[in-house]
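File shown here: upload21.txt, holding compact mmCIF, C-alpha atoms.
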```txt
# COMPACT_ATOMS: atom_id res chain seq x y z
CA MET A 119 110.59 98.73 99.76
CA THR A 120 107.19 100.37 99.46
CA GLN A 121 104.52 99.93 102.08
CA GLY A 122 102.35 97.99 99.60
CA LEU A 123 105.09 95.47 98.92
CA ALA A 124 105.86 95.15 102.60
CA SER A 125 102.22 94.31 103.28
CA VAL A 126 102.26 91.57 100.69
CA SER A 127 105.54 90.22 102.02
CA SER A 128 103.94 90.02 105.45
CA ILE A 129 101.04 88.02 104.02
CA ALA A 130 103.40 85.74 102.14
CA ALA A 131 105.38 85.13 105.34
CA THR A 132 102.45 84.50 107.67
CA ALA A 133 99.86 82.87 105.39
CA ARG A 134 101.82 80.25 103.44
CA GLN A 135 98.68 78.21 102.88
CA GLY A 136 97.67 80.82 100.34
CA ARG A 137 100.91 80.61 98.33
CA LEU A 138 100.17 78.32 95.42
CA ALA A 139 103.05 76.33 94.00
CA ALA A 140 103.57 73.31 91.80
CA THR A 141 106.06 71.07 93.57
CA ARG A 142 106.10 68.47 90.81
CA LEU A 143 105.03 68.64 87.15
CA THR A 144 104.49 65.54 85.03
CA LEU A 145 103.97 65.80 81.27
CA THR A 146 102.97 62.96 78.95
CA ASN A 147 102.90 63.31 75.15
CA PHE A 148 102.67 67.08 75.48
CA ARG A 149 104.30 69.02 72.61
CA ASN A 150 107.94 67.87 72.55
CA TYR A 151 107.73 66.14 75.94
CA THR A 152 107.09 62.41 75.69
CA ASN A 153 107.52 61.74 79.40
CA ALA A 154 108.89 64.46 81.63
CA ARG A 155 108.89 65.00 85.38
CA PHE A 156 110.27 68.05 87.14
CA ASP A 157 110.46 68.64 90.89
CA THR A 158 110.64 72.19 92.22
CA ASP A 159 110.26 71.86 96.02
CA GLY A 160 107.94 74.84 95.63
CA MET A 161 110.73 77.17 94.51
CA SER A 162 110.58 79.57 91.59
CA VAL A 163 112.17 78.24 88.41
CA VAL A 164 114.33 79.64 85.59
CA LEU A 165 114.25 77.59 82.37
CA THR A 166 116.93 78.43 79.82
CA GLY A 167 117.79 76.98 76.44
CA ASP A 168 117.87 77.62 72.72
CA ASN A 169 114.82 78.73 70.79
CA GLY A 170 112.65 75.70 70.06
CA ALA A 171 114.03 73.70 72.97
CA GLY A 172 110.64 73.48 74.69
CA LYS A 173 110.74 76.20 77.33
CA THR A 174 107.43 77.78 76.36
CA ASN A 175 105.89 74.33 75.90
CA PHE A 176 106.54 73.58 79.54
CA LEU A 177 104.90 76.83 80.66
CA GLU A 178 101.99 76.09 78.35
CA ALA A 179 101.53 72.75 80.10
CA ILE A 180 101.22 74.53 83.45
CA SER A 181 98.74 76.99 81.95
CA PHE A 182 96.41 74.08 81.12
CA LEU A 183 95.95 73.57 84.86
CA VAL A 184 93.49 76.48 84.91
CA PRO A 185 90.27 76.79 82.89
CA GLY A 186 90.70 77.71 79.24
CA SER A 187 92.89 76.65 76.37
CA GLY A 188 96.29 77.56 77.76
CA LEU A 189 98.64 80.42 77.02
CA ARG A 190 98.61 79.69 73.27
CA GLY A 191 94.84 79.23 72.97
CA ALA A 192 95.48 75.80 71.45
CA LYS A 193 93.03 73.08 70.50
CA LEU A 194 93.25 69.87 72.51
CA SER A 195 94.67 68.01 69.53
CA ASP A 196 97.31 70.68 68.83
CA VAL A 197 99.40 69.92 71.91
CA ALA A 198 99.56 66.14 71.53
CA SER A 199 102.64 64.37 70.19
CA ILE A 200 104.10 60.93 69.70
CA ASN A 201 107.72 60.54 70.78
CA GLY A 202 108.01 64.32 70.90
CA LYS A 203 106.83 64.81 67.32
CA PRO A 204 103.66 66.83 66.56
CA LEU A 205 100.72 64.97 65.09
CA ALA A 206 99.44 65.69 61.61
CA GLY A 207 95.93 65.63 60.18
CA GLU A 208 93.08 64.34 62.32
CA ALA A 209 95.16 61.89 64.38
CA PHE A 210 94.72 61.98 68.14
CA VAL A 211 96.72 60.63 71.04
CA ARG A 212 96.23 60.74 74.78
CA TRP A 213 98.18 63.46 76.53
CA GLY A 214 98.24 64.72 80.08
CA VAL A 215 99.60 67.29 82.51
CA ALA A 216 99.59 66.66 86.26
CA ALA A 217 100.84 68.65 89.22
CA ASN A 218 101.48 68.10 92.89
CA LEU A 219 100.41 71.27 94.66
CA GLN A 220 101.44 73.27 97.68
CA GLY A 221 99.18 75.85 99.31
CA SER A 222 96.02 74.40 97.75
CA SER A 223 93.04 72.63 99.29
CA VAL A 224 93.99 69.53 97.27
CA GLU A 225 97.23 67.64 96.73
CA THR A 226 97.09 66.90 92.99
CA ILE A 227 95.34 68.11 89.86
CA GLY A 228 95.59 66.93 86.29
CA THR A 229 94.11 67.45 82.87
CA GLY A 230 94.44 66.13 79.37
CA LEU A 231 92.88 64.22 76.52
CA GLU A 232 91.96 60.76 77.76
CA LYS A 233 89.32 59.61 75.29
CA ILE A 234 90.49 59.25 71.71
CA PRO A 235 87.81 60.89 69.54
CA THR A 236 86.30 59.34 66.46
CA SER A 237 84.73 61.18 63.55
CA ALA A 238 81.49 61.26 65.56
CA VAL A 239 82.96 62.23 68.92
CA ARG A 240 84.59 65.58 69.63
CA ALA A 241 87.82 65.74 71.61
CA LYS A 242 86.92 66.25 75.24
CA ARG A 243 89.17 67.46 78.00
CA ALA A 244 89.39 65.36 81.14
CA VAL A 245 90.06 66.85 84.58
CA HIS A 246 91.12 65.05 87.76
CA VAL A 247 91.36 66.40 91.31
CA ASP A 248 93.14 64.23 93.87
CA GLY A 249 92.85 61.35 91.44
CA GLN A 250 89.10 61.65 91.00
CA ALA A 251 87.46 62.70 87.73
CA VAL A 252 85.42 65.92 87.94
CA ARG A 253 82.80 67.11 85.50
CA THR A 254 84.14 70.43 84.28
CA GLN A 255 87.45 72.22 83.84
CA SER A 256 86.00 75.22 85.69
CA GLN A 257 86.66 73.31 88.93
CA LEU A 258 90.39 73.75 88.35
CA ALA A 259 90.02 77.43 89.30
CA GLU A 260 89.00 76.40 92.81
CA HIS A 261 92.35 74.74 93.43
CA PHE A 262 94.97 76.45 91.28
CA SER A 263 95.60 79.86 89.78
CA CYS A 264 98.23 81.26 87.45
CA HIS A 265 98.83 84.35 85.35
CA TRP A 266 101.16 84.58 82.40
CA LEU A 267 103.07 87.00 80.25
CA THR A 268 104.22 85.88 76.80
CA PRO A 269 105.79 87.67 73.82
CA GLN A 270 102.51 87.20 71.94
CA MET A 271 100.79 89.37 74.55
CA ASP A 272 103.01 92.35 73.71
CA ARG A 273 100.31 93.39 71.20
CA LEU A 274 97.41 92.70 73.55
CA PHE A 275 96.32 96.34 73.57
CA GLN A 276 96.45 96.63 69.78
CA GLY A 277 94.72 93.37 68.88
CA GLY A 278 91.06 92.42 69.04
CA SER A 279 88.90 92.46 72.13
CA ASP A 280 88.92 88.65 72.49
CA GLY A 281 92.45 88.60 73.87
CA ARG A 282 91.84 91.41 76.35
CA ARG A 283 88.61 89.78 77.52
CA ARG A 284 90.37 86.45 78.09
CA PHE A 285 93.17 88.25 79.93
CA LEU A 286 90.66 89.95 82.24
CA ASP A 287 88.79 86.72 82.85
CA ARG A 288 91.99 84.98 83.94
CA LEU A 289 92.55 87.73 86.48
CA VAL A 290 88.98 87.31 87.72
CA PHE A 291 89.40 83.51 88.02
CA SER A 292 92.26 84.01 90.48
CA MET A 293 90.11 86.12 92.81
CA ASP A 294 86.71 84.57 92.15
CA PRO A 295 86.97 80.87 91.15
CA ALA A 296 83.19 80.68 90.58
CA HIS A 297 83.65 83.04 87.63
CA ALA A 298 84.87 80.14 85.52
CA GLY A 299 81.61 78.26 86.02
CA ARG A 300 79.48 81.32 85.27
CA THR A 301 81.42 82.04 82.09
CA SER A 302 81.17 78.42 80.97
CA ALA A 303 77.40 78.31 81.61
CA TYR A 304 76.89 81.53 79.65
CA MET A 305 78.88 80.28 76.66
CA HIS A 306 77.12 76.90 76.69
CA ALA A 307 73.69 78.55 76.66
CA MET A 308 74.80 80.91 73.87
CA ARG A 309 76.05 78.02 71.71
CA GLU A 310 72.83 76.06 72.25
CA ARG A 311 70.75 79.10 71.31
CA ALA A 312 72.84 79.67 68.19
CA ARG A 313 72.40 76.03 67.16
CA LEU A 314 68.63 76.25 67.49
CA LEU A 315 68.45 79.47 65.51
CA LYS A 316 70.72 78.10 62.80
CA ASP A 317 68.45 75.06 62.45
CA GLY A 318 65.37 77.29 62.35
CA LYS A 319 63.90 75.83 65.54
CA MET A 320 61.96 78.78 66.94
CA ASP A 321 60.74 77.01 70.06
CA ASP A 322 59.88 79.97 72.29
CA ALA A 323 59.99 78.07 75.59
CA TRP A 324 63.36 76.48 74.80
CA LEU A 325 64.90 79.69 73.51
CA SER A 326 63.50 81.71 76.42
CA ALA A 327 65.08 79.31 78.92
CA LEU A 328 68.47 79.64 77.22
CA GLU A 329 68.14 83.43 77.02
CA GLU A 330 67.22 83.58 80.70
CA THR A 331 70.43 81.67 81.50
CA MET A 332 72.44 83.99 79.26
CA ALA A 333 70.94 87.05 80.93
CA ALA A 334 71.50 85.84 84.49
CA LYS A 335 74.99 84.46 83.92
CA GLY A 336 75.94 87.37 81.67
CA VAL A 337 75.06 89.90 84.35
CA ALA A 338 76.98 87.89 86.96
CA VAL A 339 80.00 87.66 84.66
CA ALA A 340 79.90 91.41 83.95
CA ALA A 341 79.56 92.27 87.64
CA ALA A 342 82.57 90.12 88.53
CA ARG A 343 84.66 91.70 85.77
CA MET A 344 83.66 95.19 86.89
CA ASP A 345 84.53 94.43 90.50
CA VAL A 346 88.02 93.12 89.69
CA ALA A 347 88.73 95.87 87.15
CA LYS A 348 87.76 98.53 89.71
CA ARG A 349 89.74 96.97 92.54
CA LEU A 350 92.78 96.30 90.37
CA GLY A 351 92.74 99.77 88.84
CA ASP A 352 92.46 101.41 92.26
CA PHE A 353 95.23 99.23 93.64
CA CYS A 354 97.62 99.95 90.77
CA GLU A 355 96.87 103.67 90.89
CA ASN A 356 97.79 103.79 94.58
CA HIS A 357 100.77 101.44 94.47
CA ASP A 358 104.20 103.04 94.34
CA GLY A 359 106.06 100.59 92.13
CA ALA A 360 108.46 100.53 89.19
CA PHE A 361 105.75 99.80 86.63
CA PRO A 362 103.26 102.39 85.35
CA ALA A 363 99.75 102.56 86.80
CA ALA A 364 96.81 101.83 84.55
CA HIS A 365 93.21 102.98 84.55
CA LEU A 366 90.76 100.19 83.65
CA VAL A 367 87.29 100.48 82.12
CA ILE A 368 85.10 97.76 80.61
CA ASP A 369 83.30 98.69 77.42
CA GLY A 370 80.12 96.64 77.22
CA MET A 371 76.36 96.97 77.13
CA VAL A 372 75.83 94.91 80.27
CA GLU A 373 78.51 96.74 82.22
CA ASN A 374 77.14 100.12 81.17
CA LEU A 375 73.64 99.15 82.26
CA LEU A 376 74.89 97.87 85.61
CA GLU A 377 76.43 101.24 86.39
CA ASN A 378 73.00 102.78 86.97
CA ASN A 379 70.48 99.95 87.18
CA PRO A 380 69.77 97.00 89.49
CA ALA A 381 70.90 93.58 88.27
CA LEU A 382 67.38 92.16 87.85
CA GLN A 383 66.38 95.08 85.65
CA VAL A 384 69.49 94.58 83.52
CA GLU A 385 68.67 90.88 83.16
CA GLU A 386 65.22 91.75 81.82
CA ARG A 387 66.77 94.17 79.34
CA ILE A 388 69.20 91.52 78.10
CA LYS A 389 66.40 88.98 77.68
CA ASP A 390 64.45 91.51 75.60
CA VAL A 391 67.49 92.18 73.39
CA LEU A 392 68.08 88.47 72.83
CA LYS A 393 64.42 87.74 72.09
CA THR A 394 64.03 90.53 69.56
CA SER A 395 67.28 89.56 67.79
CA ARG A 396 66.49 85.87 67.26
CA ILE A 397 65.82 86.14 63.54
CA SER A 398 68.80 88.40 62.80
CA ASP A 399 71.12 86.29 64.98
CA GLY A 400 70.02 83.19 63.12
CA GLN A 401 70.59 84.83 59.75
CA LYS A 402 74.06 86.11 60.50
CA GLY A 403 75.13 83.15 62.63
CA ALA A 404 76.32 85.34 65.51
CA THR A 405 74.87 86.51 68.81
CA GLY A 406 74.50 90.19 69.57
CA SER A 407 73.98 93.34 67.53
CA ALA A 408 76.51 96.13 67.23
CA ALA A 409 73.58 98.55 67.36
CA GLU A 410 72.51 97.24 70.76
CA GLY A 411 76.01 97.22 72.25
CA ARG A 412 78.46 94.60 73.41
CA LEU A 413 76.98 91.62 75.27
CA SER A 414 79.03 89.77 77.89
CA HIS A 415 80.86 87.64 75.30
CA GLN A 416 81.82 90.81 73.40
CA SER A 417 82.91 93.18 76.21
CA ASP A 418 86.28 94.88 75.89
CA LEU A 419 88.86 95.89 78.48
CA VAL A 420 90.00 99.48 77.89
CA VAL A 421 93.36 100.32 79.47
CA THR A 422 94.85 103.81 79.84
CA HIS A 423 98.43 104.69 80.84
CA LEU A 424 97.53 106.81 83.85
CA SER A 425 100.48 109.19 84.10
CA LYS A 426 100.44 109.89 80.35
CA SER A 427 96.64 109.93 80.05
CA ALA A 428 97.16 107.89 76.88
CA PRO A 429 95.33 104.79 75.60
CA ALA A 430 97.54 101.74 76.02
CA ALA A 431 97.34 101.05 72.28
CA MET A 432 98.97 104.43 71.59
CA CYS A 433 101.94 103.80 73.89
CA SER A 434 105.30 102.46 72.77
CA THR A 435 105.99 98.72 72.71
CA GLY A 436 108.10 99.04 75.85
CA GLU A 437 105.45 101.05 77.66
CA GLN A 438 102.78 98.51 76.74
CA LYS A 439 104.97 95.70 78.08
CA MET A 440 105.47 97.57 81.35
CA LEU A 441 101.74 98.34 81.64
CA LEU A 442 100.91 94.68 81.13
CA THR A 443 103.58 93.58 83.60
CA GLY A 444 102.24 96.04 86.15
CA LEU A 445 98.71 94.69 85.75
CA VAL A 446 99.80 91.09 86.25
CA LEU A 447 101.89 91.96 89.30
CA GLY A 448 99.07 94.12 90.65
CA ALA A 449 96.60 91.26 90.25
CA ALA A 450 98.91 88.91 92.14
CA ARG A 451 99.36 91.44 94.94
CA LEU A 452 95.63 92.14 95.10
CA SER A 453 94.84 88.43 95.22
CA ALA A 454 97.34 88.01 98.05
CA LEU A 455 95.96 90.91 100.07
CA ASP A 456 92.23 90.43 99.51
CA GLU A 457 91.88 86.68 99.00
CA GLY A 458 94.98 85.38 100.77
CA ARG A 459 95.82 83.40 97.61
CA ILE A 460 99.03 84.05 95.70
CA PRO A 461 98.86 82.77 92.09
CA VAL A 462 101.71 81.17 90.18
CA LEU A 463 103.32 83.46 87.57
CA LEU A 464 104.46 82.20 84.15
CA LEU A 465 106.85 84.74 82.63
CA ASP A 466 107.89 83.64 79.14
CA GLU A 467 110.85 85.51 77.60
CA VAL A 468 110.04 88.32 79.99
CA CYS A 469 113.39 90.04 79.46
CA ALA A 470 112.27 91.37 76.08
CA HIS A 471 111.51 95.12 76.09
CA LEU A 472 112.49 95.49 79.77
CA ASP A 473 115.63 97.44 80.56
CA GLU A 474 118.01 96.36 83.32
CA HIS A 475 116.31 98.57 85.92
CA HIS A 476 112.80 97.24 85.24
CA LEU A 477 114.01 93.65 84.94
CA GLY A 478 115.59 93.92 88.38
CA ALA A 479 112.42 95.54 89.71
CA LEU A 480 110.38 92.65 88.29
CA PHE A 481 112.57 90.09 90.04
CA ASP A 482 112.30 91.98 93.33
CA GLU A 483 108.53 92.37 93.10
CA VAL A 484 107.68 88.75 92.33
CA PHE A 485 109.70 87.64 95.33
CA ASP A 486 108.26 90.37 97.56
CA ILE A 487 104.82 89.12 96.57
CA GLY A 488 105.90 85.58 97.37
CA ALA A 489 104.70 84.01 94.11
CA GLN A 490 106.21 80.88 92.64
CA SER A 491 107.40 82.28 89.31
CA TRP A 492 108.52 80.45 86.19
CA PHE A 493 110.91 82.40 83.96
CA THR A 494 112.19 81.43 80.51
CA GLY A 495 114.99 82.84 78.39
CA THR A 496 117.83 81.90 76.07
CA ASP A 497 120.56 83.51 78.17
CA ALA A 498 120.98 82.42 81.78
CA ASN A 499 123.12 85.50 82.45
CA LEU A 500 120.00 87.70 82.20
CA PHE A 501 118.68 86.02 85.35
CA VAL A 502 121.76 86.49 87.51
CA GLY A 503 119.60 88.54 89.90
CA LEU A 504 117.69 85.35 90.73
CA LYS A 505 120.72 83.36 91.86
CA GLY A 506 119.93 81.76 95.20
CA ARG A 507 116.23 82.66 94.87
CA ALA A 508 115.18 80.25 92.12
CA ARG A 509 115.97 76.80 90.76
CA PHE A 510 117.79 76.95 87.43
CA ALA A 511 117.28 74.28 84.78
CA ALA A 512 118.41 73.78 81.19
CA VAL A 513 115.89 72.70 78.54
CA ASP A 514 116.99 70.79 75.46
CA GLY A 515 114.70 68.89 73.12
CA GLY A 516 112.09 67.93 75.67
CA ASN A 517 114.60 67.19 78.44
CA ILE A 518 114.95 69.32 81.57
CA THR A 519 118.15 69.17 83.60
CA ILE A 520 118.79 70.99 86.87
CA SER A 521 121.77 73.22 86.23
CA GLU A 522 122.42 74.26 89.83
```
Please express the file's structure as C-alpha cells.
Amino acid sequence: MTQGLASVSSIAATARQGRLAATRLTLTNFRNYTNARFDTDGMSVVLTGDNGAGKTNFLEAISFLVPGSGLRGAKLSDVASINGKPLAGEAFVRWGVAANLQGSSVETIGTGLEKIPTSAVRAKRAVHVDGQAVRTQSQLAEHFSCHWLTPQMDRLFQGGSDGRRRFLDRLVFSMDPAHAGRTSAYMHAMRERARLLKDGKMDDAWLSALEETMAAKGVAVAAARMDVAKRLGDFCENHDGAFPAAHLVIDGMVENLLENNPALQVEERIKDVLKTSRISDGQKGATGSAAEGRLSHQSDLVVTHLSKSAPAAMCSTGEQKMLLTGLVLGAARLSALDEGRIPVLLLDEVCAHLDEHHLGALFDEVFDIGAQSWFTGTDANLFVGLKGRARFAAVDGGNITISE
C-alpha cells in the first residue's frame, strides 16, 4: 500500500463522522421503481442484473441527492413513472427519492417533484432536510456528496465543454458546498439578464445589478474551480497509484484573468464585457462572445495524460477511462484528507475498459479510501474481489433482492 493510501485509510478509521453513506434509500415513482426501499447498513453495494433491469436507475436516484440533474442530466418529468412505466407527453406525477444518512450533519434528505405543474407552472424540484422543506437544491451539497462514473462519461474528454464543466463542478461541490449556491446565483442572474435583453428591456440599473451579480459570482465560481483543479492535479501527480496521473488546466477568460489580477479588478473587467455586449447578446440569444473569451458558464476543463504528455482526447478509450477513474478516486482521497469528508461513489458498469489488474486496483482503492461505493454490472462474477466487503443485491424489473 502506498503512503497516500495509508494516510487516507487512517482518516477513514479515525474520523468516521466524515464518511458519508446512505443507510437506507427509498424511491417512489422513480423510473421503473414504483415503491422501493433498500437498506445498506452503511456498507458498499454491488447491484447486478440484466440490462434494463434498473441498476443504473437506482444509481441515478442517489445522484439526485446532490445539486444538479443527476447522472443522466434528466428533466424532472423524465424520471417519473406510474406503476414502473415511463410517462408520455406532458403528463406529470409526483416522484421522490429519500435517504437516511450516516456521517452527515443531518439524518435524512430527500428530493423530488411534489407539485404537479400545469401549463402555466413549471415543474419545480422540492428538497427536504430532516423532514423540513428548504428553499434550494444547493443546500443538498452541505449534507451529502457523491461522484459517479458511467459508460456515457467514457467520451467526456471528446465531447463538448458542458460535460467537463459539470464534472468539475461536482468535484468542487464535494470540497466546497457553497460552490453550488454561487453557481446557482450566477446562472439565475444570467437567465434574468438574457430574458430582459430578449424582450428589449434595456433598463440600465436592472441590467447593471444582474451583471454585477454575474461578475461577483462568476469570479468566485472560477476561483473555486481553479483551487480544486490545482489541488487535485497536484495530488494526482504525486500519488503513486494504479491509475495514470493527469494535469488539469481550466480554459476560461475569468480564470486567465485571475492568474495575474486581483479579484475585484477581474470583476470590473467582466462587468465591462457584459455591458458592452448587451445588444449582441440580445440579438444572438446567448451570453458571452467568443472574441472576448469564455465566461464562467463557458469555461472548459483541459486534461492531459501526464506521463504521455498527451491531451486526454487523444488517448485510447481505455486510457481515457483510467484517467477519469483516477480523477474521481483522487477527488475522493483529496476530500478525505483536506476536508475530512469522504463522498459516496457511484460506479456504473465500471468493469468496462478496465483489465483485471486495474479492476482489482479500483476495488482496493475505494476501500482504502473508505468510501461507500455502489457498483453495477451484469455479471456478479466480475465483483468476486468484493466478497465480504460489500452487500450484493440482484435487480430485476424494479425489485431489489439481497443475494447474500
Contact check, region 186-287 of chain A to region 420-442 of chain A, at most 8 Å, counting only C-alpha atoms, closest pairs as CSV:
```
residue,atom,partner,partner_atom,distance
A:Asp272,CA,A:Lys439,CA,5.8
A:Arg273,CA,A:Thr435,CA,7.9
A:Phe275,CA,A:Ala431,CA,5.0
A:Gln276,CA,A:Ala431,CA,5.2
```
Selected residues written out with C-alpha atoms, as a PDB file, in the frame of the given file:
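Saved as selection07.pdb:
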```pdb
ATOM      1  CA  ASP A 272     103.010  92.350  73.710  1.00  0.00           C
ATOM      2  CA  ARG A 273     100.310  93.390  71.200  1.00  0.00           C
ATOM      3  CA  PHE A 275      96.320  96.340  73.570  1.00  0.00           C
ATOM      4  CA  GLN A 276      96.450  96.630  69.780  1.00  0.00           C
TER       5      GLN A 276
END
```
Could I get the residues of region 191-304 of chain A with an atom no further than 12 Å from an atom of region 359-367 of chain A, each paired with its nearest atom pair and that distance in Å to one decimal, using all atoms listed in the file, sorted by chain and residue number, as a tab-separated table?
```
residue	atom	partner	partner_atom	distance
A:Arg282	CA	A:Leu366	CA	11.5
A:Arg283	CA	A:Val367	CA	11.7
A:Leu286	CA	A:Leu366	CA	10.3
```
(request) Using only C-alpha atoms, pick whichever of A:His476, A:Arg243, A:Arg142, A:Arg311 has the shortest atom-to-atom distance to Ala327 (chain A). (result)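 Going through A:His476, A:Arg243, A:Arg142, A:Arg311 one by one, the smallest distance to Ala327 (chain A) is for A:Arg311.
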(request) May I ask which of the residues A:Ile518, A:Ile388, A:Leu413, A:Ala179 is the closest one to Asp369 (chain A), counting only C-alpha atoms? (result) A:Leu413
(message) Please compute the CA of Asn356 (chain A)-CA of Ser453 (chain A) distance, one decimal, in Å.
(response)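 CA of Ser453 (chain A) lies 15.7 Å from CA of Asn356 (chain A).
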(request) Would you mind telling me which residue in A:Leu477, A:Leu289, A:Val163, A:Val184 lies nearest to Thr494 (chain A) when using all atoms listed in the file? (result) A:Val163
(request) Please determine the residues with any atom at most 8 Å from (98.6, 60.8, 79.7) (coordinates as given in the file, with only C-alpha atoms counting) and report them as an MDAnalysis selection string. (result) chainID A and resid 145:147 212:215 230:232
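From CA of Lys348 (chain A) back to CA of Leu258 (chain A), the distance works out to 25.0 Å.
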